[in-house]
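Shown next: protein.cif, containing mmCIF, C-alpha atoms.
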```cif
data_final
loop_
_atom_site.label_atom_id
_atom_site.label_comp_id
_atom_site.auth_asym_id
_atom_site.auth_seq_id
_atom_site.Cartn_x
_atom_site.Cartn_y
_atom_site.Cartn_z
CA MET A 1 0.00 0.00 0.00
CA GLY A 2 0.97 3.60 -0.47
CA GLY A 3 3.90 5.20 -2.24
CA ASN A 4 3.33 8.83 -3.19
CA VAL A 5 1.23 10.89 -0.80
CA GLU A 6 -1.64 11.17 -3.27
CA ASP A 7 -1.79 7.36 -3.43
CA TRP A 8 -3.11 7.11 0.14
CA GLY A 9 -6.61 8.31 -0.88
CA PRO A 10 -8.38 4.92 -0.48
CA LEU A 11 -6.96 4.27 3.01
CA VAL A 12 -9.78 5.68 5.18
CA PRO A 13 -12.64 3.98 3.26
CA ALA A 14 -10.60 0.75 3.21
CA VAL A 15 -10.24 0.82 7.01
CA ALA A 16 -13.97 1.52 7.43
CA GLN A 17 -14.80 -1.41 5.16
CA VAL A 18 -12.42 -3.87 6.82
CA TRP A 19 -12.79 -2.99 10.51
CA PRO A 20 -15.99 -5.03 11.16
CA LYS A 21 -13.91 -8.12 10.27
CA ALA A 22 -11.09 -7.25 12.72
CA ALA A 23 -12.55 -9.28 15.59
CA GLU A 24 -12.17 -12.41 13.45
CA PHE A 25 -8.38 -12.03 13.58
CA VAL A 26 -7.55 -10.04 16.75
CA HIS A 27 -9.13 -10.45 20.18
CA GLY A 28 -9.44 -8.91 23.63
CA ALA A 29 -6.84 -6.43 24.83
CA GLU A 30 -4.86 -6.87 21.63
CA LEU A 31 -7.86 -5.68 19.60
CA GLU A 32 -8.23 -2.67 21.89
CA ARG A 33 -4.55 -1.77 21.41
CA LEU A 34 -4.88 -2.10 17.65
CA GLU A 35 -7.96 0.13 17.65
CA SER A 36 -6.14 2.77 19.70
CA GLN A 37 -3.09 2.69 17.39
CA VAL A 38 -5.15 2.96 14.24
CA LEU A 39 -7.38 5.67 15.70
CA THR A 40 -4.39 7.81 16.73
CA ALA A 41 -2.80 7.45 13.29
CA LEU A 42 -6.06 8.26 11.48
CA ARG A 43 -6.52 11.38 13.60
CA ALA A 44 -2.98 12.46 12.73
CA LEU A 45 -3.70 11.77 9.06
CA ASP A 46 -6.90 13.83 9.17
CA THR A 47 -5.10 16.73 10.86
CA ALA A 48 -2.26 16.66 8.32
CA GLN A 49 -4.69 16.64 5.40
CA HIS A 50 -6.81 19.52 6.68
CA VAL A 51 -4.21 21.79 8.28
CA PRO A 52 -1.34 22.42 5.83
CA ALA A 53 1.99 23.58 7.19
CA ALA A 54 2.97 27.26 6.95
CA GLY A 55 3.75 28.24 3.38
CA GLY A 56 1.41 25.72 1.77
CA THR A 57 -2.24 25.67 0.73
CA GLU A 58 -4.99 23.08 0.81
CA GLU A 59 -4.20 22.23 -2.81
CA THR A 60 -0.41 22.70 -2.75
CA PRO A 61 0.86 21.43 0.61
CA THR A 62 4.46 21.86 1.69
CA PRO A 63 6.93 18.96 1.80
CA GLU A 64 6.51 18.93 5.59
CA THR A 65 2.76 18.41 5.19
CA ASN A 66 3.31 15.65 2.63
CA GLU A 67 5.71 13.96 5.03
CA ALA A 68 3.17 14.16 7.87
CA ILE A 69 0.46 12.64 5.66
CA ASP A 70 2.74 9.84 4.50
CA SER A 71 3.95 9.11 8.04
CA ALA A 72 0.45 8.92 9.53
CA ALA A 73 -0.83 6.74 6.69
CA ARG A 74 2.10 4.34 7.06
CA GLU A 75 1.37 4.08 10.80
CA VAL A 76 -2.14 2.87 9.95
CA ALA A 77 -0.81 0.32 7.47
CA LEU A 78 1.89 -0.94 9.85
CA ALA A 79 -0.63 -1.39 12.69
CA PHE A 80 -2.68 -3.72 10.49
CA GLU A 81 0.34 -5.46 9.00
CA ALA A 82 1.47 -6.44 12.52
CA HIS A 83 -1.49 -8.83 12.44
CA ALA A 84 -0.67 -10.67 9.25
CA PRO A 85 -4.06 -12.08 8.18
CA LEU A 86 -5.88 -8.83 8.93
CA GLY A 87 -3.14 -6.82 7.24
CA ALA A 88 -3.63 -8.86 4.09
CA VAL A 89 -7.38 -8.18 4.15
CA LEU A 90 -6.75 -4.42 4.43
CA ALA A 91 -4.16 -4.54 1.64
CA ALA A 92 -6.58 -6.36 -0.66
CA GLU A 93 -9.36 -3.86 0.05
CA PHE A 94 -6.97 -0.93 -0.41
CA ASP A 95 -5.72 -2.30 -3.74
CA ALA A 96 -9.28 -2.89 -4.95
CA LEU A 97 -10.18 0.72 -4.20
CA ALA A 98 -6.95 2.09 -5.68
CA ALA A 99 -7.59 0.17 -8.90
CA ARG A 100 -10.81 2.07 -9.52
CA GLN A 101 -10.72 5.13 -11.79
CA GLU A 102 -12.55 7.34 -9.34
CA GLN A 103 -12.38 7.21 -5.54
CA PHE A 104 -16.05 6.38 -5.11
CA GLY A 105 -15.96 3.63 -2.45
CA PRO A 106 -15.95 -0.16 -2.63
CA ALA A 107 -19.15 -0.40 -4.71
CA ALA A 108 -19.48 1.04 -8.21
CA PRO A 109 -21.51 4.23 -8.58
CA PRO A 110 -24.98 3.99 -10.16
CA PRO A 111 -24.81 4.06 -13.98
CA HIS A 112 -26.43 7.51 -14.18
CA TRP A 113 -23.49 9.03 -12.24
CA VAL A 114 -21.44 9.87 -15.32
CA ALA A 115 -17.82 10.95 -15.72
CA TRP A 116 -17.28 14.50 -16.99
CA GLN A 117 -14.01 16.47 -17.28
CA ARG A 118 -12.16 14.58 -14.54
CA SER A 119 -15.16 14.62 -12.22
CA LEU A 120 -18.14 12.42 -11.44
CA LEU A 121 -21.56 14.02 -12.00
CA VAL A 122 -23.85 13.10 -9.11
CA PRO A 123 -27.57 13.67 -9.83
CA VAL A 124 -29.32 14.98 -6.71
CA LEU A 125 -33.12 14.87 -6.81
CA TYR A 126 -34.49 17.75 -4.79
CA ALA A 127 -37.58 19.45 -3.45
CA THR A 128 -37.59 23.02 -2.18
CA ASP A 129 -39.92 25.75 -1.02
CA ARG A 130 -37.45 28.40 -2.16
CA ALA A 131 -38.38 30.86 -4.90
CA LEU A 132 -36.47 30.84 -8.17
CA ASP A 133 -33.59 33.30 -8.18
CA GLY A 134 -35.09 35.34 -11.01
CA LYS A 135 -32.56 34.19 -13.56
CA GLY A 136 -34.23 30.85 -14.15
CA VAL A 137 -31.08 28.88 -13.32
CA GLY A 138 -31.46 28.14 -9.62
CA PHE A 139 -33.05 29.11 -6.35
CA GLY A 140 -32.49 32.11 -4.10
CA SER A 141 -33.34 32.85 -0.48
CA GLY A 142 -36.93 33.97 -1.03
CA ARG A 143 -39.96 31.88 -0.13
CA GLY A 144 -41.83 30.02 -2.82
CA GLU A 145 -44.16 27.09 -3.39
CA LEU A 146 -43.04 23.47 -3.35
CA THR A 147 -40.89 22.76 -6.40
CA TYR A 148 -39.28 19.52 -7.54
CA GLY A 149 -36.34 18.81 -9.79
CA GLU A 150 -32.84 17.47 -10.31
CA ALA A 151 -29.48 19.17 -9.73
CA ARG A 152 -26.24 17.75 -11.11
CA VAL A 153 -23.16 18.14 -8.93
CA GLY A 154 -19.61 17.48 -10.10
CA ILE A 155 -17.33 15.80 -7.55
CA PRO A 156 -13.68 16.00 -8.71
CA ASP A 157 -11.72 12.82 -9.28
CA ASP A 158 -9.13 13.92 -6.71
CA HIS A 159 -11.82 14.70 -4.14
CA ARG A 160 -10.72 14.20 -0.55
CA MET A 161 -13.17 12.53 1.82
CA GLY A 162 -14.96 15.12 3.95
CA ALA A 163 -14.19 18.09 1.69
CA ALA A 164 -16.56 20.09 -0.50
CA GLU A 165 -13.77 21.58 -2.60
CA LYS A 166 -14.28 25.31 -3.20
CA SER A 167 -12.93 27.93 -5.57
CA ARG A 168 -9.89 30.00 -4.60
CA LEU A 169 -10.51 33.44 -6.10
CA TRP A 170 -7.28 34.79 -4.69
CA ARG A 171 -5.44 32.31 -6.88
CA LEU A 172 -7.09 33.84 -9.95
CA ARG A 173 -9.52 30.97 -10.39
CA PHE A 174 -12.57 32.88 -11.54
CA ARG A 175 -14.14 29.79 -13.08
CA ASP A 176 -14.63 26.55 -11.22
CA ASP A 177 -12.39 23.78 -12.49
CA PRO A 178 -14.43 20.54 -12.28
CA ALA A 179 -11.20 18.57 -11.90
CA ARG A 180 -10.46 20.37 -8.62
CA VAL A 181 -13.67 21.97 -7.36
CA ALA A 182 -17.07 20.56 -6.43
CA THR A 183 -19.45 22.32 -8.83
CA LEU A 184 -23.19 22.74 -9.24
CA GLY A 185 -24.12 22.19 -12.85
CA ALA A 186 -27.55 22.04 -14.44
CA VAL A 187 -30.59 22.60 -12.20
CA ALA A 188 -33.81 21.36 -13.77
CA THR A 189 -37.33 21.77 -12.39
CA SER A 190 -40.18 19.30 -12.80
CA THR A 191 -43.73 18.55 -11.77
CA ALA A 192 -44.42 16.20 -8.88
CA GLN A 193 -45.40 13.47 -11.37
CA GLU A 194 -42.22 13.92 -13.40
CA PHE A 195 -40.18 13.84 -10.18
CA THR A 196 -41.89 10.61 -9.14
CA GLU A 197 -41.25 8.94 -12.48
CA LEU A 198 -37.61 10.02 -12.55
CA THR A 199 -37.05 8.77 -8.98
CA ARG A 200 -38.55 5.40 -9.90
CA LYS A 201 -36.27 5.21 -12.92
CA ARG A 202 -33.19 6.12 -10.88
CA LEU A 203 -34.02 3.59 -8.15
CA ALA A 204 -34.43 0.84 -10.74
CA GLU A 205 -30.85 1.50 -11.88
CA CYS A 206 -29.33 1.52 -8.38
CA GLU A 207 -27.63 -1.23 -6.43
CA VAL A 208 -29.98 -0.66 -3.46
CA ASN A 209 -33.61 0.44 -3.55
CA GLN A 210 -32.95 3.16 -1.00
CA ALA A 211 -32.73 6.94 -0.86
CA LEU A 212 -30.57 9.20 1.32
CA LEU A 213 -32.30 12.49 2.10
CA PHE A 214 -30.18 15.44 3.26
CA VAL A 215 -31.71 18.46 5.02
CA HIS A 216 -29.35 21.41 5.41
CA GLY A 217 -29.06 23.90 8.26
CA TYR A 218 -28.88 27.64 8.81
CA ASN A 219 -26.90 29.98 6.54
CA VAL A 220 -26.88 27.63 3.55
CA PRO A 221 -27.75 28.71 -0.02
CA PHE A 222 -29.23 26.21 -2.48
CA ARG A 223 -25.94 25.70 -4.31
CA ALA A 224 -24.05 24.75 -1.14
CA ALA A 225 -26.89 22.46 -0.04
CA ALA A 226 -26.87 20.55 -3.32
CA ILE A 227 -23.07 20.17 -3.26
CA ARG A 228 -23.12 18.96 0.34
CA ALA A 229 -25.85 16.40 -0.43
CA ALA A 230 -23.78 15.02 -3.32
CA GLN A 231 -20.53 15.04 -1.33
CA ILE A 232 -22.05 13.09 1.56
CA ALA A 233 -23.58 10.51 -0.77
CA TYR A 234 -20.22 10.19 -2.57
CA ASP A 235 -18.19 9.84 0.63
CA LEU A 236 -20.61 7.30 2.11
CA ASN A 237 -20.40 5.23 -1.09
CA PHE A 238 -24.19 5.43 -1.14
CA THR A 239 -25.44 3.48 -4.15
CA GLY A 240 -29.09 4.48 -3.90
CA VAL A 241 -30.66 7.82 -4.82
CA PRO A 242 -29.40 11.05 -3.15
CA LEU A 243 -32.23 13.41 -2.22
CA LEU A 244 -32.18 16.99 -0.95
CA TYR A 245 -34.79 19.09 0.77
CA SER A 246 -33.77 22.75 0.67
CA TRP A 247 -35.76 25.29 2.69
CA PRO A 248 -35.31 29.07 2.08
CA SER A 249 -32.33 29.90 4.27
CA LYS A 250 -31.09 33.45 3.77
CA GLY A 251 -27.57 32.10 3.37
CA THR A 252 -26.10 34.85 5.55
CA VAL A 253 -24.72 34.90 9.10
CA GLY A 254 -27.15 37.68 10.01
CA GLY A 255 -30.18 35.73 8.77
CA TYR A 256 -30.59 33.51 11.84
CA VAL A 257 -34.01 34.81 12.93
CA ALA A 258 -35.32 34.83 9.36
CA ASP A 259 -34.08 31.24 8.96
CA GLU A 260 -35.90 30.21 12.14
CA ASN A 261 -39.16 31.48 10.67
CA SER A 262 -38.54 29.95 7.25
CA VAL A 263 -37.71 26.52 8.62
CA SER A 264 -40.99 26.44 10.57
CA ARG A 265 -42.92 27.53 7.48
CA ALA A 266 -41.36 24.67 5.50
CA VAL A 267 -42.84 21.88 7.67
CA PRO A 268 -46.01 21.13 5.62
CA TYR A 269 -44.04 21.32 2.36
CA PHE A 270 -41.46 18.87 3.70
CA GLN A 271 -44.21 16.50 4.87
CA GLU A 272 -45.82 16.61 1.43
CA PHE A 273 -42.46 15.82 -0.19
CA LEU A 274 -41.70 12.96 2.23
CA ARG A 275 -45.16 11.49 1.73
CA LEU A 276 -44.66 11.56 -2.05
CA VAL A 277 -41.26 9.85 -1.85
CA LEU A 278 -42.42 7.11 0.53
CA ALA A 279 -45.76 6.41 -1.11
CA GLU A 280 -45.23 7.00 -4.84
CA THR A 281 -41.65 6.22 -5.90
CA ASN A 282 -41.42 2.46 -5.07
CA VAL A 283 -38.52 3.16 -2.69
CA SER A 284 -38.09 0.52 0.01
CA GLU A 285 -36.31 2.71 2.57
CA VAL A 286 -35.46 6.38 3.02
CA HIS A 287 -32.58 7.34 5.29
CA VAL A 288 -32.56 10.94 6.49
CA LEU A 289 -29.59 13.06 7.59
CA ALA A 290 -30.37 16.55 8.88
CA HIS A 291 -27.81 19.12 9.99
CA SER A 292 -28.10 21.93 12.53
CA MET A 293 -31.32 23.97 12.14
CA GLY A 294 -32.52 21.49 9.53
CA ASN A 295 -33.31 19.24 12.48
CA ARG A 296 -36.05 21.64 13.55
CA LEU A 297 -37.74 20.96 10.23
CA LEU A 298 -37.12 17.23 10.47
CA THR A 299 -38.22 16.71 14.08
CA GLU A 300 -41.32 18.90 13.85
CA ALA A 301 -42.37 17.25 10.60
CA LEU A 302 -41.80 13.67 11.79
CA ALA A 303 -43.42 14.24 15.17
CA ASP A 304 -46.62 15.08 13.27
CA PHE A 305 -46.20 12.42 10.59
CA ASP A 306 -47.73 8.94 10.67
CA THR A 307 -46.11 6.42 8.36
CA THR A 308 -48.73 3.82 9.31
CA GLY A 309 -51.28 5.88 7.42
CA LEU A 310 -49.43 5.56 4.11
CA PRO A 311 -50.76 3.27 1.37
CA LYS A 312 -49.87 -0.41 1.39
CA GLY A 313 -46.49 -1.03 -0.23
CA SER A 314 -45.06 2.35 0.72
CA GLY A 315 -41.42 2.68 1.72
CA ARG A 316 -40.37 3.10 5.31
CA LEU A 317 -38.13 5.45 7.20
CA GLY A 318 -34.71 3.87 7.62
CA GLN A 319 -31.95 5.42 9.70
CA VAL A 320 -32.65 8.97 10.88
CA VAL A 321 -29.48 10.91 11.72
CA PHE A 322 -29.67 14.10 13.77
CA ALA A 323 -26.37 15.86 13.10
CA ALA A 324 -25.48 18.66 15.53
CA PRO A 325 -29.17 19.57 15.92
CA ASP A 326 -29.90 23.20 16.68
CA VAL A 327 -33.12 22.22 18.44
CA ASP A 328 -34.21 23.00 21.99
CA ALA A 329 -33.12 19.90 23.94
CA GLU A 330 -36.38 19.70 25.88
CA VAL A 331 -38.43 19.96 22.67
CA PHE A 332 -36.22 17.33 21.04
CA ARG A 333 -36.79 14.89 23.92
CA ARG A 334 -40.53 15.46 23.75
CA ARG A 335 -40.71 14.82 20.00
CA LEU A 336 -38.37 11.85 20.00
CA PRO A 337 -40.77 8.99 21.00
CA ARG A 338 -43.07 9.79 18.06
CA ILE A 339 -40.07 9.68 15.72
CA THR A 340 -38.38 6.52 16.99
CA ARG A 341 -41.61 4.55 16.58
CA GLN A 342 -41.57 5.23 12.84
CA ALA A 343 -37.88 4.83 11.97
CA ALA A 344 -35.67 1.75 11.73
CA GLY A 345 -33.14 3.57 13.92
CA CYS A 346 -32.24 7.03 15.21
CA THR A 347 -28.75 8.43 15.82
CA LEU A 348 -27.75 11.72 17.42
CA TYR A 349 -24.30 13.26 16.90
CA ALA A 350 -23.50 15.81 19.59
CA SER A 351 -20.42 17.72 20.76
CA SER A 352 -19.37 19.78 23.76
CA VAL A 353 -17.05 21.92 21.61
CA ASP A 354 -19.64 23.07 19.09
CA ARG A 355 -19.28 26.86 19.20
CA ALA A 356 -22.18 27.49 16.85
CA LEU A 357 -24.56 25.65 19.17
CA ALA A 358 -23.05 27.41 22.18
CA ALA A 359 -24.00 30.71 20.56
CA SER A 360 -27.48 29.40 19.79
CA ARG A 361 -27.89 28.28 23.38
CA THR A 362 -26.99 31.76 24.59
CA MET A 363 -29.53 33.41 22.27
CA ALA A 364 -32.30 30.95 23.17
CA ALA A 365 -31.36 30.69 26.88
CA ALA A 366 -31.85 26.92 26.58
CA PRO A 367 -29.58 23.93 25.85
CA ARG A 368 -29.49 22.54 22.29
CA ALA A 369 -29.97 18.86 21.46
CA GLY A 370 -26.64 18.81 19.63
CA GLN A 371 -24.64 19.76 22.73
CA ALA A 372 -22.86 17.09 24.73
CA GLY A 373 -21.53 17.41 28.27
CA ALA A 374 -23.67 17.12 31.40
CA GLY A 375 -26.93 17.68 29.50
CA ILE A 376 -26.29 15.24 26.66
CA VAL A 377 -29.51 13.73 25.33
CA VAL A 378 -29.75 10.00 26.05
CA ALA A 379 -33.09 8.29 25.43
CA PRO A 380 -34.65 4.94 24.50
CA GLY A 381 -34.51 4.19 20.79
CA LEU A 382 -31.71 6.72 20.24
CA ASP A 383 -28.00 6.01 19.74
CA THR A 384 -26.18 9.11 20.98
CA ILE A 385 -22.62 9.67 19.72
CA ASP A 386 -20.39 12.26 21.43
CA ALA A 387 -17.94 13.69 18.88
CA GLY A 388 -16.34 16.12 21.33
CA ALA A 389 -13.04 14.21 21.41
CA LEU A 390 -12.44 14.88 17.71
CA ASP A 391 -10.64 17.87 16.24
CA THR A 392 -13.72 19.34 14.55
CA GLY A 393 -12.33 22.69 13.41
CA LEU A 394 -12.79 26.27 14.52
CA MET A 395 -16.58 26.21 14.97
CA GLY A 396 -16.86 22.47 15.61
CA HIS A 397 -20.27 22.37 13.93
CA SER A 398 -20.03 20.71 10.49
CA TYR A 399 -18.17 17.61 11.59
CA VAL A 400 -20.71 15.10 10.25
CA GLY A 401 -19.93 16.14 6.68
CA ASP A 402 -16.32 17.28 7.21
CA HIS A 403 -14.60 14.81 9.52
CA THR A 404 -13.41 11.49 8.13
CA SER A 405 -13.90 9.63 11.44
CA VAL A 406 -17.53 10.73 11.64
CA LEU A 407 -18.17 9.98 7.97
CA ALA A 408 -16.67 6.53 8.47
CA ASP A 409 -19.02 6.03 11.43
CA VAL A 410 -22.06 7.07 9.39
CA TYR A 411 -20.81 4.72 6.66
CA GLY A 412 -20.87 1.84 9.15
CA LEU A 413 -24.40 2.81 10.13
CA LEU A 414 -25.93 3.29 6.67
CA ARG A 415 -23.90 1.03 4.41
CA GLN A 416 -23.16 -1.84 6.80
CA ALA A 417 -26.09 -1.55 9.26
CA LEU A 418 -23.69 -1.88 12.19
CA PRO A 419 -24.70 -0.97 15.76
CA PRO A 420 -22.36 1.40 17.65
CA SER A 421 -20.80 -1.53 19.51
CA ARG A 422 -19.38 -2.81 16.21
CA ARG A 423 -18.28 0.49 14.68
CA PHE A 424 -14.66 1.60 14.79
CA GLY A 425 -13.39 4.01 17.46
CA LEU A 426 -16.48 4.19 19.70
CA VAL A 427 -16.57 3.44 23.43
CA SER A 428 -19.62 3.08 25.64
CA VAL A 429 -20.12 5.72 28.36
CA PRO A 430 -22.50 5.03 31.28
CA HIS A 431 -25.28 7.55 31.85
CA ALA A 432 -28.18 7.91 34.28
CA ASP A 433 -30.60 7.33 31.38
CA GLY A 434 -28.71 4.31 30.02
CA ALA A 435 -25.53 4.80 28.03
CA TYR A 436 -24.17 6.73 25.07
CA TRP A 437 -21.16 6.36 22.81
CA SER A 438 -18.08 8.49 22.41
CA PHE A 439 -15.23 8.67 19.94
CA GLN A 440 -12.05 7.69 21.72
CA PRO A 441 -9.84 10.67 22.56
CA GLN A 442 -6.51 10.89 20.74
CA LYS A 443 -3.63 9.79 22.97
#
```
Whole structure, structure tokens version:
Amino acid sequence: MGGNVEDWGPLVPAVAQVWPKAAEFVHGAELERLESQVLTALRALDTAQHVPAAGGTEETPTPETNEAIDSAAREVALAFEAHAPLGAVLAAEFDALAARQEQFGPAAPPPHWVAWQRSLLVPVLYATDRALDGKGVGFGSGRGELTYGEARVGIPDDHRMGAAEKSRLWRLRFRDDPARVATLGAVATSTAQEFTELTRKRLAECEVNQALLFVHGYNVPFRAAAIRAAQIAYDLNFTGVPLLYSWPSKGTVGGYVADENSVSRAVPYFQEFLRLVLAETNVSEVHVLAHSMGNRLLTEALADFDTTGLPKGSGRLGQVVFAAPDVDAEVFRRRLPRITRQAAGCTLYASSVDRALAASRTMAAAPRAGQAGAGIVVAPGLDTIDAGALDTGLMGHSYVGDHTSVLADVYGLLRQALPPSRRFGLVSVPHADGAYWSFQPQK
């Protein structure tokens, strides 16, 4: 495995794919030591990839940064190779991934994800209650009626897991290069019937008859929401249909109060969309991942939504993931029982170092459901994951889409249907209301 720094790209998805088999080769305290070694090296790798040394950039790292990446990656490989049979399994998985043209996970992408100019075009089917931007090419921050359609997002071939690659205007890149930057391409609108027919067609072409629905948070324009939905589906190697619900966020830091009002207004539109997807598209299961304020939309909508009333043969709610929810913790607890009864599983990712939620708590004078610490939400039917031990960046708020360890954990949940006890890097923490899970701190 390995060689040049850029050759290490498949390492993290290879580890995520192989780890559930580790207990077949390594046992007891030895397995715990291996997990600690690999976890420490992966954290060092993530830090080296996201924080270039002085004098470099995200795209052109310094030799020191390259050395740090190579060193951390080799530590991961050596830890596995110390256990010969398991090391061979990792090497085989790594080589299989490296042999693929694009870095899209172990399984092949659906056939309608087409290659274009050194990128992979990911079709994201969307619904939105935003108004058109006036130019007829996308959606702005104004309120509108429920609209359906498809957005095509280009994920570059050299995409790094957890990154939604952006333009660098100060490097004179005035046009997005699809080989380096995640780009939003064509945005088409459709009727509800056309959307239904297209979703059925897409599902028939997919490896799994499932959809992954992303709901964005505060301060997110339509373009960024579509790119994030595609990036998450790409990084999770999701081989069903990526869906997006985009509510009319102002897309500005100062638009918090306006966003609060808009997300509440969106509830009936979101319910109508979810009902259409579950009842009309022939999907078997819809997983939902909501981030930040998007969880207000999700929890309010699902608490007043009855899947048992859908027609016979409708799809069901699969895994529901509450990522850093900017929701009043008391309200979240009250809504939760009505949600867990309808979903195959519910997972909460929380953190005690989330500065965005700390600010929200101050404004609302009430704890948020996405905050960990003494008030962490632990409840029946909910798997709570504390991500506070991870290096989650300056604001510590977008870790579910940005951090490779968290993405790998969500991968284990959605792609491999693993409980927390079998996912890499998690330890059980006792709690008065049961127990929750935490990423192991870096040693």
Could you tell me which of A:Val378, A:Leu125, A:Ala344, A:Val15 comes closest to Pro430 of chain A if we count all atoms listed in the file?
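Nearest to Pro430 of chain A: A:Val378.
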Counting all atoms listed in the file, which residue out of A:Val114, A:Val406, A:Ala127, A:Leu278 sits closest to Ala389 of chain A?
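Residue with the minimum atom-to-atom distance to Ala389 of chain A: A:Val406.
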Selection under test: the PyMOL selection byres ((chain A and resi 201-206) around 12); residues as a count of residues only:
38
Restricting the calculation to all atoms listed in the file, which member of A:Arg130, A:Arg333, A:Arg275, A:His291 is positioned closest to Ser246 of chain A?
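Looking only at the distances to Ser246 of chain A, the closest residue turns out to be A:Arg130.
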Which residue of A:Thr189, A:Thr147, A:Gln17, A:Thr40 approaches Ala92 of chain A most closely, using all atoms listed in the file:
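Checking each of A:Thr189, A:Thr147, A:Gln17, A:Thr40 against Ala92 of chain A, counting all atoms listed in the file, the winner is A:Gln17.
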Please compute the atom CA of Ser314 of chain A-atom CA of Ala279 of chain A distance, one decimal, in Å.
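These two atoms are separated by 4.5 Å.
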Select, from A:Lys21, A:Arg334, A:Arg355, A:His403, the residue with the minimum atom-to-atom distance to Leu390 of chain A, counting all atoms listed in the file.
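For Leu390 of chain A, the nearest of the given residues is A:His403.
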So how many Å separate atom CA of Thr308 of chain A and atom CA of Gln342 of chain A, to one decimal?
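That distance, rounded to one decimal, is 8.1 Å.
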Hits from the PyMOL selection byres ((chain A and resi 146) around 10), listed as a list of chain:residue names:
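Answer for the PyMOL selection byres ((chain A and resi 146) around 10): A:Ala127, A:Thr128, A:Asp129, A:Arg130, A:Ala131, A:Arg143, A:Gly144, A:Glu145, A:Thr147, A:Tyr148, A:Thr191, A:Ala192, A:Trp247, A:Ala266, A:Pro268, A:Tyr269, A:Phe270, A:Glu272, A:Phe273.
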Proximity to Asp95 of chain A - best of A:Phe214, A:Tyr234, A:Phe305, A:Trp8, all atoms listed in the file
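Closest residue, counting all atoms listed in the file: A:Trp8.
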Fewer than 4 positions away in the same chain doesn't count, so skip those; otherwise give me all residues within 8 Å of segment 362-372 of chain A, counting only C-alpha atoms, as an MDAnalysis selection string.
chainID A and resid 292 323:330 332 348:354 357:358 376:377 386 388
Test item: the PyMOL selection byres ((chain A and resi 300) around 10) resolved as a PyMOL selection string
chain A and resi 263-264+267-268+271+295-299+301-305+327+331-332+335-336+339
Between atom CA of Ala29 of chain A and atom CA of Leu90 of chain A, measure the distance and give it in Å to one decimal.
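These two atoms are separated by 20.5 Å.
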Answer as a VMD selection string, residues within 12 Å of (-13.9, -0.8, 0.3) using all atoms listed in the file:
chain A and resid 9 to 20 89 to 100 103 to 108 235 to 237 408 411 to 412 415 to 416
Centre, x/y/z edge lengths, axis-aligned box for segment 206-220 of chain A with 6 Å per side, as lines of an AutoDock Vina configuration file:
```
center_x = -30.2
center_y = 14.4
center_z = 0.2
size_x = 18.7
size_y = 43.2
size_z = 29.2
```
For Leu382 of chain A, list every protein, DNA or RNA residue within 6 Å, evaluated using all atoms listed in the file, and leave out those in the same chain fewer than 2 positions away; present the list as a PDB file with C-alpha atoms, keeping the file's coordinate frame.
```pdb
ATOM      1  CA  CYS A 346     -32.240   7.030  15.210  1.00  0.00           C
ATOM      2  CA  THR A 347     -28.750   8.430  15.820  1.00  0.00           C
ATOM      3  CA  ALA A 379     -33.090   8.290  25.430  1.00  0.00           C
ATOM      4  CA  PRO A 380     -34.650   4.940  24.500  1.00  0.00           C
TER       5      PRO A 380
END
```
